[in-house]
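Asker: Structure below; questions to follow.
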Amino acid sequence: MAQWEKLQQLDNLHLQRVDELYSHEEFPMDVRHYLAPWIESQDWHKAAQDQSAASILFQSLLENLDTQHSRFVQEGECFLKQRNIRRFKQSFQKYQEQPWILAGIVWWFLTKEQEILEAAQLAEQVQMLQVQQSPVDSDSQRNLQGRITELKRKVQDMEHNFKCLEEQQDEFDFKYKTRSMEGNVSKEESLQQTKILQYLLNRLDTSRKALLNEMSVLLDADEELITVLVRDELAEWQRRQQKACIGAPEDTSLNKLEGWFTMVADCLFHLRKFLRKIDELHGKVTYDHDPFKTQKPVLQRRVDSLLTALLKSSFVVETQPSMPQGKGPMVLRTNVQFSVKTRLLVKFTELNHAMKVTVSIDREAPQVKGYRRFNVLGNSSKFMNMTESASGGMVADFRHLTLKEQKAGGGGKGINELSLSVTEELHVINFETLFELHGLSVTLEASSLPVVIISNSSQQQNAWASVLWFNMLCSDPKNIAFLANSPVATWPQLADLLSWQFLSTTKRGLEDDQLNMIAQKLFGKQQSYDTCTISWARFSKEMVPGFNFTFWAWFDGILVLVKNYLENLWNDGCIMGFVGKGREKTLLKKKQMGTFLLRFSESIKDGGITFSWVEYSVDGTPNVRTVQPFTKGDLSQIPFSEIIRNFQILEAENVPVNPLKFLYPSVPKDEAFGKYYTVKNTAENPYIKYIKTKLVFVSKENTLEAKSPMSTLSDRDVTVPMNGLCTPHSEEAAASSDVLLHSDCLFSDMDDATDLLSPLCTVDLEQSLQEYMNDVNLILSEDQAAAPAPSDLACYSLPCSSSLF
């Protein structure tokens with residue numbers, strides 16, 4: 001491996017030393033990076049002591065910089081890279097008269113790099129003595145590594161055997177030609193020479209046969225390794241990549257595979273070189289029944305066939321197509337840029353900037369009526385290089401591609417017709433390049449996982465559902481009609497998928513109890529859910545009974561709510577989240593008064609969160625009470641931790657009390673949420689701009705039965721200004737100072753089998769709570785006349801049976 005590549009793979013500590021080394025301006029890191037193979041192949045130490053050699057290297061350096069600049073221009077690289085290369089060349093011009101000084105500087109940098117590598121190697125050896133082998137490497141991987149290392153050793157031994165064979169052949173050839181040049185010799189001498197030549201020829205024939213047999217054995221080992229690499233290791237990586245794309249915590253690094261592919265390919269190229277050597281030896285000496293003549297063509301076909309198979313499998317899509325602001329990978333939007341990266345797992349420095357990759361879409365488009373066609377726009381061709389990969393791999397990183405739908409005949413007539421929506425239609429992005437090295441030419445092709453192409457951001461949720469479903473159940477990337485006749489998913493498969501969504505969006509997946517609640521919502525109460533199945537339609541197309549949304553819309557709405565407003569609380573485990581009402585009662589009724597838990601609403605499409613707490617009556621009977629769920633509209637104005645901190649309920653005689661004391665199971669509220677409190681005192685309140693106030697959610701104690709319907713105060717009619725005072729929203733209401741109650745608006749949330757309390761508006765600290773509660777009309781008129789017009793906060797509803805306050 002080249003020295004610069006080794007440096008790039010060091011740990012952060014030693015990479016920092018590299019950064020410090022190149023903090024000097026005498027030799028820019030960019031020049032070292034882009035010209036790494038050429039720089040390391042030159043004798044800078046000699047040039048530092050030899051003026052003529054230094055002059056030659058100096059001119060060659062300038063030519064290489066010109067070549068790199070032209071390469072940047074051809075590939076459309078950014079103006080800054082082009083500009084920097086020109087600037088570096090100009091800065092080197094000062095060494096025009098004394099090029100040996102520059103050679104000495106380069107040699108000094110290379111020497112310091114070697115010192116860093118040696119220090120890193122020593123540290124690694126020490127660590128290996130202290131730490132056992134990483135458990136990440138499985139037994140099969142360690143065995144594979146050992147087999148590849150052994151293959152490489154045998155190839156090196158064969159090179160020695162070829163040299164021995166060549167010496168034997170030279171000896172026979174010399175004696176044979178010497179005998180033919182001799183004059184008259186006696187019969188005895190002639191017979192003796194013939195015996196010697198026959199012995200040498202027999203020995204040569206035996207050595208040739210042994211060498212060919214050894215090569216055949218090596219090819220058998222190569223074939224077995226290629227089978228393991230392609231059928232097992234590469235296929236397993238592709239499956240891991242599929243799972244990682246939909247949120248699974250999988251390792252998708254290609255460095256190990258790249259090392260294995262490169263070593264096996266290098267061994268095969270050495271065998272091809274040995275076969276060329278066989279042609280050379282056969283051309284000098286041949287005889288009847290020469291094994292080189294009969295077996296070499298067979299071995300040549302085997303080597304080329306195995307190498308071709310290995311190369312065709314080594315061209316992969318390392319990073320699947322994705323938009324910067326997309327829902328997830330493989331969801332693309334027309335006329336919006338997306339990126340995708342391909343990689344060649346066979347890495348040879350000779351191929352750097354030599355292989356051009358071209359992009360297309362739907363090369364094997366199905367003959368289906370209504371199937372849309374697209375064009376790939378942007379820079380759709382790029383040379384593979386080692387500079388755009390953190391590990392120095394051979395990659396072509398496409399960052400500015402777009403898709404445009406073909407308008408003329410886009411649907412096509414097709415033979416078949418599929419009833420698929422836009423978000424169920426799958427497309428494949430194709431890549432092609434040509435591998436040419438040492439006389440071997442192979443066309444390589446790769447394709448992305450199926451992508452869903454949308455034209456509007458409102459389609460992202462359903463498109464992502466299609467991507468999830470396909471990659472959960474299908475491993476054939478060419479099966480673009482998969483969603484037309486999709487198999488069902490088992491609950492264990494779906495449970496993993498749902499947990500991955502939270503794990504990849506936040507830092508905490510779903511626990512067994514949370515998954516059981518979701519399973520019960522989908523399948524009803526079961527002894528075990530392992531054999532339960534769910535169809536594609538039920539997952540994302542069929543409406544949840546009683547509500548105008550699908551299961552996926554409900555789940556994804558909660559996911560978005562958590563990511564945008566509740567991530568820290570979720571990561572810390574403060575939110576129980578998915579818990580059924582029955583289990584909620586069971587948990588809370590065993591706890592001390594004021595114990596509460598946080599759970600997600602089961603009936604709000606875009607995600608809602610609520611809290612329930614336990615209180616005890618005079619006779620000791622526990623009662624679990626629940627507040628109306630908070631949505632993204634609420635949480636975008638007040639952090640949920642502040643709502644919990646300041647929430648109050650009006651008990652007898654309108655005395656406000658915060659019923660939330662302990663987060664389940666028994667953590668004091670301030671201990672659980674204190675670090676998230678954003679308002680330390682009224683003077684620091686970021687929501688209040690004009691007077692010292694405090695936003696407090698207050699609920700009127702509900703006097704109705706637990707399951708009776710309650711009318712609501714419409715958010716359209718009542719809003720709460722920043723100072724916490726309730727004001728009618730409409731001009732008519734403002735004139736009469738009356739608040740309208742709509743008795744025809746009923747609330748029947750399936751969440752609320754317990755008492756549901758609706759948070760009221762906030763309380764002004766400048767005025768006594770009792771005066772505020774007793775004389776609403778006075779306060780409304782005074783504050784409407786005096787207060788500025790800050791943004792409003794929606795006020796929650798009151799029970800229909802009670803008057804306002």
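Chain identifiers are assigned as A, B, and so on, following the order in which chains appear in the structure tokens; residues are numbered from 1 within each chain, and ligands are numbered from 1 in order of appearance.
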A:Met323: which residues within 7 Å, counting only C-alpha atoms, same-chain residues fewer than 2 positions away excluded, as a PyMOL selection string?

Answerer: chain A and resi 325-326+332+337-339

Asker: Name the residues in contact with stretch 521-538 of chain A at a cut-off of 8 Å, using only C-alpha atoms, excluding same-chain residues fewer than 6 positions from it; report them as number ranges by chain.

Answerer: A: 469, 483, 486-492, 550-551

Asker: Neighbours of A:Asp513 within 12 Å (only C-alpha atoms; same-chain residues fewer than 2 positions away dropped), as a PyMOL selection string?

Answerer: chain A and resi 495+499+509-511+515-520+576-580+583-584

Asker: Compare A:Val657, A:Ala244, A:Leu218, A:Cys78 by their minimum atom-to-atom distance to A:Val264, counting only C-alpha atoms, and give me the closest one.

Answerer: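 For A:Val264, the nearest of the given residues is A:Leu218.
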
Asker: If I take atom CA of A:Glu671 and atom CA of A:Gln501, how far is one from the other in Å, to one decimal?

Answerer: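 If I compute the distance from atom CA of A:Glu671 to atom CA of A:Gln501, I get 28.7 Å.
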
Asker: Counting only C-alpha atoms, figure out which residue out of A:Leu498, A:Leu663, A:Ile246, A:Val368 gets nearest to A:Ile644.

Answerer: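 Closest to A:Ile644, using only C-alpha atoms: A:Leu663.
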
Asker: For A:Leu437, work out the shell of residues within 12 Å, counting only C-alpha atoms and skipping chain neighbours fewer than 6 positions away, then give it as a ChimeraX atom specification.

Answerer: /A:265-266,269,272,307-308,311,346-352,354-355,443

Asker: A:Ser447: which residues within 8 Å, counting only C-alpha atoms, same-chain residues fewer than 6 positions away excluded, as a PyMOL selection string?

Answerer: chain A and resi 316-317+428-431

Asker: Convert the current residue selection to file output with N, CA, C and O atoms, as a PDB file, in the first residue's frame.

Answerer:
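Output saved as selection-v3.pdb:
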ATOM      1  N   VAL A 316     -19.582  -1.483  -7.312  1.00  0.00           N
ATOM      2  CA  VAL A 316     -20.779  -1.423  -6.467  1.00  0.00           C
ATOM      3  C   VAL A 316     -21.195   0.027  -6.242  1.00  0.00           C
ATOM      4  O   VAL A 316     -20.421   0.963  -6.469  1.00  0.00           O
ATOM      5  N   VAL A 317     -22.423   0.196  -5.785  1.00  0.00           N
ATOM      6  CA  VAL A 317     -22.918   1.515  -5.364  1.00  0.00           C
ATOM      7  C   VAL A 317     -22.666   1.617  -3.865  1.00  0.00           C
ATOM      8  O   VAL A 317     -23.318   0.955  -3.061  1.00  0.00           O
ATOM      9  N   VAL A 428     -34.625   2.258 -11.235  1.00  0.00           N
ATOM     10  CA  VAL A 428     -33.247   1.855 -10.940  1.00  0.00           C
ATOM     11  C   VAL A 428     -32.285   2.771 -11.690  1.00  0.00           C
ATOM     12  O   VAL A 428     -32.442   3.007 -12.891  1.00  0.00           O
ATOM     13  N   ILE A 429     -31.272   3.284 -10.990  1.00  0.00           N
ATOM     14  CA  ILE A 429     -30.235   4.111 -11.592  1.00  0.00           C
ATOM     15  C   ILE A 429     -29.036   3.222 -11.914  1.00  0.00           C
ATOM     16  O   ILE A 429     -28.568   2.464 -11.049  1.00  0.00           O
ATOM     17  N   ASN A 430     -28.571   3.290 -13.151  1.00  0.00           N
ATOM     18  CA  ASN A 430     -27.520   2.396 -13.642  1.00  0.00           C
ATOM     19  C   ASN A 430     -26.200   3.132 -13.819  1.00  0.00           C
ATOM     20  O   ASN A 430     -26.172   4.330 -14.117  1.00  0.00           O
ATOM     21  N   PHE A 431     -25.099   2.383 -13.679  1.00  0.00           N
ATOM     22  CA  PHE A 431     -23.747   2.920 -13.849  1.00  0.00           C
ATOM     23  C   PHE A 431     -22.931   1.956 -14.701  1.00  0.00           C
ATOM     24  O   PHE A 431     -23.077   0.740 -14.586  1.00  0.00           O
TER      25      PHE A 431
END

Asker: Identify which of the residues A:Cys267, A:Leu598, A:Leu257, A:Ala210 lies closest to A:Gln295, counting only C-alpha atoms when measuring atom-to-atom distances.

Answerer: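 Smallest distance to A:Gln295 is found for A:Ala210.
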
Asker: Against stretch 379-390 of chain A, which residues of stretch 241-327 of chain A fall within 12 Å? For each one I want the closest pair of atoms and the distance in Å (one decimal), counting only C-alpha atoms, rows by chain and increasing residue number, as a Markdown table.

Answerer:
| residue | atom | partner | partner_atom | distance |
| --- | --- | --- | --- | --- |
| A:Ser253 | CA | A:Ala390 | CA | 11.2 |
| A:Leu254 | CA | A:Ser389 | CA | 11.2 |
| A:Asn255 | CA | A:Ala390 | CA | 10.6 |
| A:Phe315 | CA | A:Met384 | CA | 11.1 |
| A:Glu318 | CA | A:Ser389 | CA | 10.6 |
| A:Thr319 | CA | A:Ser389 | CA | 11.5 |

Asker: Could you check how far atom CA of A:Asp173 sits from atom CA of A:Val217, in Å to one decimal?

Answerer: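 Atom CA of A:Val217 lies 28.6 Å from atom CA of A:Asp173.
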
Asker: Need to verify the contact set: A:Pro28, 12 Å, only C-alpha atoms, exclusion of same-chain residues closer than 6 positions in sequence. Can you return it as a list in words?

Answerer: Val18, Asp19, Glu20, Leu21, Tyr22, Tyr34, Leu35, Ala36, Asn84, Ile85, Arg87, Phe88, Lys89, Ser91, Phe92, Ile105, Val106 and Phe109 of chain A

Asker: Please, could you write that set of residues out with all heavy atoms as a short mmCIF file (atom, residue, chain, number, x, y, z; two decimals), in the first residue's frame?

Answerer:
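Saved to part-v4.cif:
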data_model
loop_
_atom_site.label_atom_id
_atom_site.label_comp_id
_atom_site.auth_asym_id
_atom_site.auth_seq_id
_atom_site.Cartn_x
_atom_site.Cartn_y
_atom_site.Cartn_z
N VAL A 18 -0.06 14.44 11.19
CA VAL A 18 0.06 14.71 9.76
C VAL A 18 -0.39 16.14 9.46
O VAL A 18 0.25 16.86 8.68
CB VAL A 18 -0.75 13.69 8.94
CG1 VAL A 18 -0.69 14.03 7.45
CG2 VAL A 18 -0.24 12.27 9.17
N ASP A 19 -1.50 16.55 10.07
CA ASP A 19 -1.98 17.92 9.87
C ASP A 19 -0.95 18.94 10.35
O ASP A 19 -0.74 19.98 9.70
CB ASP A 19 -3.30 18.13 10.61
CG ASP A 19 -4.43 17.34 9.99
OD1 ASP A 19 -4.34 17.05 8.78
OD2 ASP A 19 -5.39 17.03 10.71
N GLU A 20 -0.33 18.66 11.48
CA GLU A 20 0.68 19.58 12.00
C GLU A 20 1.89 19.64 11.07
O GLU A 20 2.49 20.71 10.87
CB GLU A 20 1.11 19.14 13.40
CG GLU A 20 0.02 19.31 14.45
CD GLU A 20 0.38 18.68 15.77
OE1 GLU A 20 1.46 18.04 15.85
OE2 GLU A 20 -0.40 18.80 16.72
N LEU A 21 2.25 18.49 10.52
CA LEU A 21 3.39 18.45 9.60
C LEU A 21 3.14 19.34 8.39
O LEU A 21 4.02 20.12 7.97
CB LEU A 21 3.63 17.00 9.15
CG LEU A 21 4.67 16.79 8.05
CD1 LEU A 21 6.05 17.22 8.53
CD2 LEU A 21 4.68 15.33 7.61
N TYR A 22 1.93 19.27 7.84
CA TYR A 22 1.63 20.04 6.63
C TYR A 22 1.05 21.41 6.93
O TYR A 22 0.50 22.06 6.04
CB TYR A 22 0.69 19.23 5.73
CG TYR A 22 1.44 18.18 4.94
CD1 TYR A 22 1.52 16.87 5.41
CD2 TYR A 22 2.10 18.49 3.76
CE1 TYR A 22 2.23 15.91 4.71
CE2 TYR A 22 2.80 17.54 3.06
CZ TYR A 22 2.87 16.25 3.53
OH TYR A 22 3.57 15.30 2.83
N TYR A 34 -2.84 15.04 -4.35
CA TYR A 34 -3.22 14.80 -5.74
C TYR A 34 -2.11 14.11 -6.55
O TYR A 34 -2.39 13.40 -7.51
CB TYR A 34 -3.61 16.11 -6.42
CG TYR A 34 -4.87 16.73 -5.85
CD1 TYR A 34 -4.88 18.03 -5.35
CD2 TYR A 34 -6.05 15.99 -5.79
CE1 TYR A 34 -6.04 18.58 -4.81
CE2 TYR A 34 -7.20 16.53 -5.25
CZ TYR A 34 -7.18 17.83 -4.76
OH TYR A 34 -8.33 18.36 -4.22
N LEU A 35 -0.86 14.31 -6.17
CA LEU A 35 0.27 13.73 -6.92
C LEU A 35 0.95 12.61 -6.13
O LEU A 35 2.12 12.30 -6.36
CB LEU A 35 1.29 14.81 -7.27
CG LEU A 35 0.78 16.03 -8.04
CD1 LEU A 35 1.93 16.96 -8.39
CD2 LEU A 35 0.03 15.62 -9.29
N ALA A 36 0.23 12.01 -5.20
CA ALA A 36 0.82 11.03 -4.28
C ALA A 36 1.56 9.89 -4.99
O ALA A 36 2.72 9.61 -4.68
CB ALA A 36 -0.24 10.49 -3.34
N ASN A 84 -6.22 26.75 -6.80
CA ASN A 84 -5.16 26.37 -5.88
C ASN A 84 -3.99 25.70 -6.59
O ASN A 84 -2.83 25.96 -6.28
CB ASN A 84 -5.72 25.44 -4.80
CG ASN A 84 -6.51 26.21 -3.76
OD1 ASN A 84 -6.39 27.43 -3.64
ND2 ASN A 84 -7.35 25.51 -3.01
N ILE A 85 -4.31 24.82 -7.53
CA ILE A 85 -3.25 24.12 -8.27
C ILE A 85 -2.38 25.13 -9.01
O ILE A 85 -1.14 25.03 -9.01
CB ILE A 85 -3.85 23.09 -9.24
CG1 ILE A 85 -4.42 21.90 -8.45
CG2 ILE A 85 -2.81 22.60 -10.23
CD1 ILE A 85 -3.38 21.07 -7.74
N ARG A 87 -1.92 28.23 -8.19
CA ARG A 87 -1.18 29.01 -7.19
C ARG A 87 0.02 28.22 -6.67
O ARG A 87 1.10 28.78 -6.47
CB ARG A 87 -2.12 29.38 -6.04
CG ARG A 87 -1.48 30.21 -4.95
CD ARG A 87 -2.54 30.81 -4.04
NE ARG A 87 -3.40 29.79 -3.46
CZ ARG A 87 -3.07 29.08 -2.37
NH1 ARG A 87 -1.92 29.31 -1.75
NH2 ARG A 87 -3.90 28.17 -1.89
N PHE A 88 -0.16 26.91 -6.45
CA PHE A 88 0.95 26.09 -5.97
C PHE A 88 2.08 26.06 -7.01
O PHE A 88 3.26 26.13 -6.65
CB PHE A 88 0.48 24.67 -5.69
CG PHE A 88 -0.57 24.58 -4.62
CD1 PHE A 88 -1.56 23.61 -4.66
CD2 PHE A 88 -0.60 25.49 -3.57
CE1 PHE A 88 -2.52 23.52 -3.68
CE2 PHE A 88 -1.57 25.42 -2.59
CZ PHE A 88 -2.53 24.44 -2.65
N LYS A 89 1.70 25.96 -8.29
CA LYS A 89 2.72 25.93 -9.33
C LYS A 89 3.51 27.24 -9.34
O LYS A 89 4.75 27.25 -9.46
CB LYS A 89 2.06 25.69 -10.70
CG LYS A 89 3.07 25.66 -11.84
CD LYS A 89 2.40 25.49 -13.19
CE LYS A 89 3.43 25.56 -14.30
NZ LYS A 89 2.82 25.44 -15.65
N SER A 91 4.02 29.25 -6.83
CA SER A 91 4.86 29.34 -5.64
C SER A 91 6.13 28.51 -5.79
O SER A 91 7.17 28.84 -5.21
CB SER A 91 4.08 28.90 -4.40
OG SER A 91 3.79 27.51 -4.48
N PHE A 92 6.07 27.42 -6.58
CA PHE A 92 7.25 26.58 -6.79
C PHE A 92 8.25 27.21 -7.77
O PHE A 92 9.39 26.77 -7.86
CB PHE A 92 6.84 25.20 -7.31
CG PHE A 92 6.18 24.33 -6.29
CD1 PHE A 92 5.19 23.43 -6.65
CD2 PHE A 92 6.54 24.41 -4.95
CE1 PHE A 92 4.57 22.62 -5.71
CE2 PHE A 92 5.93 23.62 -4.00
CZ PHE A 92 4.93 22.73 -4.38
N ILE A 105 13.29 19.54 0.35
CA ILE A 105 12.09 19.78 1.15
C ILE A 105 11.12 18.61 1.03
O ILE A 105 10.59 18.11 2.03
CB ILE A 105 11.41 21.09 0.71
CG1 ILE A 105 12.28 22.29 1.08
CG2 ILE A 105 10.01 21.21 1.32
CD1 ILE A 105 11.77 23.62 0.54
N VAL A 106 10.87 18.13 -0.20
CA VAL A 106 9.96 17.01 -0.42
C VAL A 106 10.49 15.77 0.30
O VAL A 106 9.73 15.03 0.94
CB VAL A 106 9.77 16.74 -1.92
CG1 VAL A 106 8.88 15.52 -2.13
CG2 VAL A 106 9.18 17.95 -2.62
N PHE A 109 9.77 15.95 3.98
CA PHE A 109 8.37 15.66 4.31
C PHE A 109 8.11 14.15 4.24
O PHE A 109 7.41 13.60 5.11
CB PHE A 109 7.44 16.40 3.35
CG PHE A 109 7.09 17.79 3.80
CD1 PHE A 109 7.91 18.87 3.51
CD2 PHE A 109 5.95 18.02 4.54
CE1 PHE A 109 7.59 20.15 3.93
CE2 PHE A 109 5.61 19.29 4.98
CZ PHE A 109 6.45 20.36 4.67
#

Asker: From the set A:Gln193, A:Thr433, A:Ser216, A:Gln238, which residue has the shortest atom-to-atom contact distance to A:Lys312, counting only C-alpha atoms?

Answerer: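 Nearest to A:Lys312: A:Thr433.
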
Asker: Using only C-alpha atoms, determine which residues lie at most 12 Å from A:Asn202, disregarding the query and same-chain residues fewer than 3 positions distant; provide the list as an MDAnalysis selection string.

Answerer: chainID A and resid 168:169 172 194:199 205:209 287:290

Asker: Those residues with all heavy atoms, as a compact mmCIF listing (two decimals), in the first residue's frame please?

Answerer:
# COMPACT_ATOMS: atom_id res chain seq x y z
N GLN A 168 16.90 -23.58 -15.25
CA GLN A 168 17.02 -24.93 -15.81
C GLN A 168 16.95 -24.88 -17.33
O GLN A 168 17.73 -25.56 -18.03
CB GLN A 168 15.89 -25.83 -15.26
CG GLN A 168 16.00 -26.17 -13.80
CD GLN A 168 14.86 -27.07 -13.35
OE1 GLN A 168 14.19 -27.69 -14.17
NE2 GLN A 168 14.66 -27.15 -12.04
N GLN A 169 15.99 -24.09 -17.83
CA GLN A 169 15.85 -24.02 -19.29
C GLN A 169 17.06 -23.38 -19.93
O GLN A 169 17.52 -23.81 -21.00
CB GLN A 169 14.59 -23.22 -19.63
CG GLN A 169 14.35 -23.09 -21.13
CD GLN A 169 12.96 -22.58 -21.45
OE1 GLN A 169 11.99 -23.13 -20.93
NE2 GLN A 169 12.86 -21.59 -22.30
N PHE A 172 19.78 -26.04 -20.11
CA PHE A 172 19.54 -26.99 -21.21
C PHE A 172 19.80 -26.32 -22.56
O PHE A 172 20.46 -26.91 -23.43
CB PHE A 172 18.10 -27.49 -21.14
CG PHE A 172 17.69 -28.29 -22.34
CD1 PHE A 172 18.05 -29.63 -22.47
CD2 PHE A 172 16.96 -27.70 -23.39
CE1 PHE A 172 17.68 -30.37 -23.59
CE2 PHE A 172 16.60 -28.42 -24.50
CZ PHE A 172 16.95 -29.76 -24.61
N THR A 194 24.38 -36.73 -25.19
CA THR A 194 22.95 -36.98 -25.42
C THR A 194 22.25 -37.38 -24.13
O THR A 194 21.12 -36.94 -23.84
CB THR A 194 22.76 -38.08 -26.48
OG1 THR A 194 23.39 -37.66 -27.70
CG2 THR A 194 21.29 -38.36 -26.74
N LYS A 195 22.92 -38.18 -23.32
CA LYS A 195 22.33 -38.60 -22.04
C LYS A 195 22.14 -37.39 -21.12
O LYS A 195 21.12 -37.27 -20.44
CB LYS A 195 23.24 -39.64 -21.37
CG LYS A 195 23.19 -41.01 -22.01
CD LYS A 195 24.07 -41.99 -21.24
CE LYS A 195 24.00 -43.39 -21.86
NZ LYS A 195 24.86 -44.37 -21.14
N ILE A 196 23.16 -36.52 -21.13
CA ILE A 196 23.06 -35.32 -20.28
C ILE A 196 21.91 -34.42 -20.74
O ILE A 196 21.10 -33.93 -19.93
CB ILE A 196 24.39 -34.55 -20.30
CG1 ILE A 196 25.49 -35.38 -19.62
CG2 ILE A 196 24.24 -33.19 -19.63
CD1 ILE A 196 26.86 -34.76 -19.72
N LEU A 197 21.84 -34.23 -22.06
CA LEU A 197 20.75 -33.40 -22.59
C LEU A 197 19.39 -34.02 -22.31
O LEU A 197 18.42 -33.31 -21.99
CB LEU A 197 20.94 -33.19 -24.08
CG LEU A 197 22.08 -32.25 -24.50
CD1 LEU A 197 22.24 -32.26 -26.02
CD2 LEU A 197 21.81 -30.84 -24.00
N GLN A 198 19.32 -35.37 -22.42
CA GLN A 198 18.04 -36.04 -22.15
C GLN A 198 17.65 -35.89 -20.69
O GLN A 198 16.49 -35.65 -20.35
CB GLN A 198 18.14 -37.53 -22.52
CG GLN A 198 16.81 -38.27 -22.46
CD GLN A 198 15.79 -37.72 -23.44
OE1 GLN A 198 16.09 -37.60 -24.63
NE2 GLN A 198 14.60 -37.40 -22.95
N TYR A 199 18.65 -35.97 -19.83
CA TYR A 199 18.39 -35.78 -18.39
C TYR A 199 17.89 -34.37 -18.12
O TYR A 199 16.91 -34.17 -17.39
CB TYR A 199 19.67 -36.06 -17.60
CG TYR A 199 19.59 -35.60 -16.17
CD1 TYR A 199 18.87 -36.32 -15.22
CD2 TYR A 199 20.21 -34.41 -15.77
CE1 TYR A 199 18.78 -35.88 -13.92
CE2 TYR A 199 20.13 -33.96 -14.47
CZ TYR A 199 19.41 -34.70 -13.54
OH TYR A 199 19.31 -34.25 -12.24
N ASP A 205 11.05 -30.94 -18.31
CA ASP A 205 9.65 -31.34 -18.53
C ASP A 205 8.93 -31.56 -17.21
O ASP A 205 7.78 -31.13 -17.03
CB ASP A 205 9.62 -32.61 -19.38
CG ASP A 205 8.20 -33.02 -19.73
OD1 ASP A 205 7.53 -32.27 -20.48
OD2 ASP A 205 7.73 -34.06 -19.22
N THR A 206 9.61 -32.21 -16.28
CA THR A 206 9.01 -32.44 -14.95
C THR A 206 8.73 -31.11 -14.24
O THR A 206 7.67 -30.93 -13.64
CB THR A 206 9.94 -33.31 -14.09
OG1 THR A 206 10.16 -34.56 -14.74
CG2 THR A 206 9.34 -33.56 -12.72
N SER A 207 9.67 -30.18 -14.32
CA SER A 207 9.50 -28.88 -13.67
C SER A 207 8.35 -28.10 -14.30
O SER A 207 7.59 -27.43 -13.60
CB SER A 207 10.80 -28.08 -13.76
OG SER A 207 11.83 -28.72 -13.05
N ARG A 208 8.25 -28.18 -15.64
CA ARG A 208 7.16 -27.49 -16.31
C ARG A 208 5.80 -28.05 -15.88
O ARG A 208 4.86 -27.30 -15.60
CB ARG A 208 7.32 -27.60 -17.82
CG ARG A 208 8.38 -26.69 -18.41
CD ARG A 208 8.36 -26.70 -19.92
NE ARG A 208 9.26 -25.69 -20.47
CZ ARG A 208 9.37 -25.39 -21.76
NH1 ARG A 208 8.62 -26.05 -22.65
NH2 ARG A 208 10.21 -24.46 -22.19
N LYS A 209 5.70 -29.38 -15.83
CA LYS A 209 4.44 -30.00 -15.42
C LYS A 209 4.10 -29.64 -13.98
O LYS A 209 2.93 -29.37 -13.65
CB LYS A 209 4.54 -31.52 -15.60
CG LYS A 209 4.54 -31.98 -17.04
CD LYS A 209 4.69 -33.49 -17.14
CE LYS A 209 4.68 -33.94 -18.60
NZ LYS A 209 4.88 -35.40 -18.73
N TYR A 287 9.42 -28.86 -27.28
CA TYR A 287 9.73 -30.24 -27.64
C TYR A 287 8.42 -30.99 -27.78
O TYR A 287 7.33 -30.45 -27.51
CB TYR A 287 10.63 -30.88 -26.57
CG TYR A 287 10.17 -30.65 -25.15
CD1 TYR A 287 9.26 -31.52 -24.53
CD2 TYR A 287 10.61 -29.54 -24.43
CE1 TYR A 287 8.83 -31.29 -23.25
CE2 TYR A 287 10.17 -29.31 -23.14
CZ TYR A 287 9.28 -30.19 -22.54
OH TYR A 287 8.83 -29.97 -21.27
N ASP A 288 8.53 -32.25 -28.21
CA ASP A 288 7.32 -33.06 -28.37
C ASP A 288 6.64 -33.24 -27.03
O ASP A 288 7.30 -33.46 -25.99
CB ASP A 288 7.68 -34.44 -28.96
CG ASP A 288 8.14 -34.33 -30.39
OD1 ASP A 288 7.84 -33.30 -31.03
OD2 ASP A 288 8.84 -35.25 -30.87
N HIS A 289 5.32 -33.15 -27.05
CA HIS A 289 4.51 -33.30 -25.83
C HIS A 289 4.85 -32.24 -24.79
O HIS A 289 4.81 -32.49 -23.58
CB HIS A 289 4.68 -34.71 -25.23
CG HIS A 289 4.46 -35.81 -26.20
ND1 HIS A 289 3.24 -36.04 -26.81
CD2 HIS A 289 5.32 -36.76 -26.69
CE1 HIS A 289 3.34 -37.07 -27.63
NE2 HIS A 289 4.60 -37.53 -27.59
N ASP A 290 5.18 -31.07 -25.25
CA ASP A 290 5.49 -29.95 -24.35
C ASP A 290 4.21 -29.56 -23.61
O ASP A 290 3.20 -29.17 -24.23
CB ASP A 290 6.00 -28.76 -25.17
CG ASP A 290 6.42 -27.58 -24.29
OD1 ASP A 290 6.21 -27.65 -23.06
OD2 ASP A 290 6.96 -26.60 -24.83

Asker: Check stretch 424-657 of chain A with DSSP on the backbone and list each residue it calls strand (DSSP E or B), as a VMD selection string.

Answerer: chain A and resid 426 to 427 429 to 437 440 to 447 451 to 454 489 to 490 533 to 534 543 550 577 595 to 600 609 to 616 622 to 627 630 648 to 650 656 to 657

Asker: Point out the residue among A:Trp4, A:Phe274, A:Tyr176, A:Trp108 with the least atom-to-atom distance to A:Lys163, counting only C-alpha atoms.

Answerer: A:Phe274

Asker: From the list A:Arg301, A:Arg645, A:Lys293, A:Arg333, which residue is nearest A:Asn456 when using only C-alpha atoms?

Answerer: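 Of all the options, A:Arg333 lies closest to A:Asn456.
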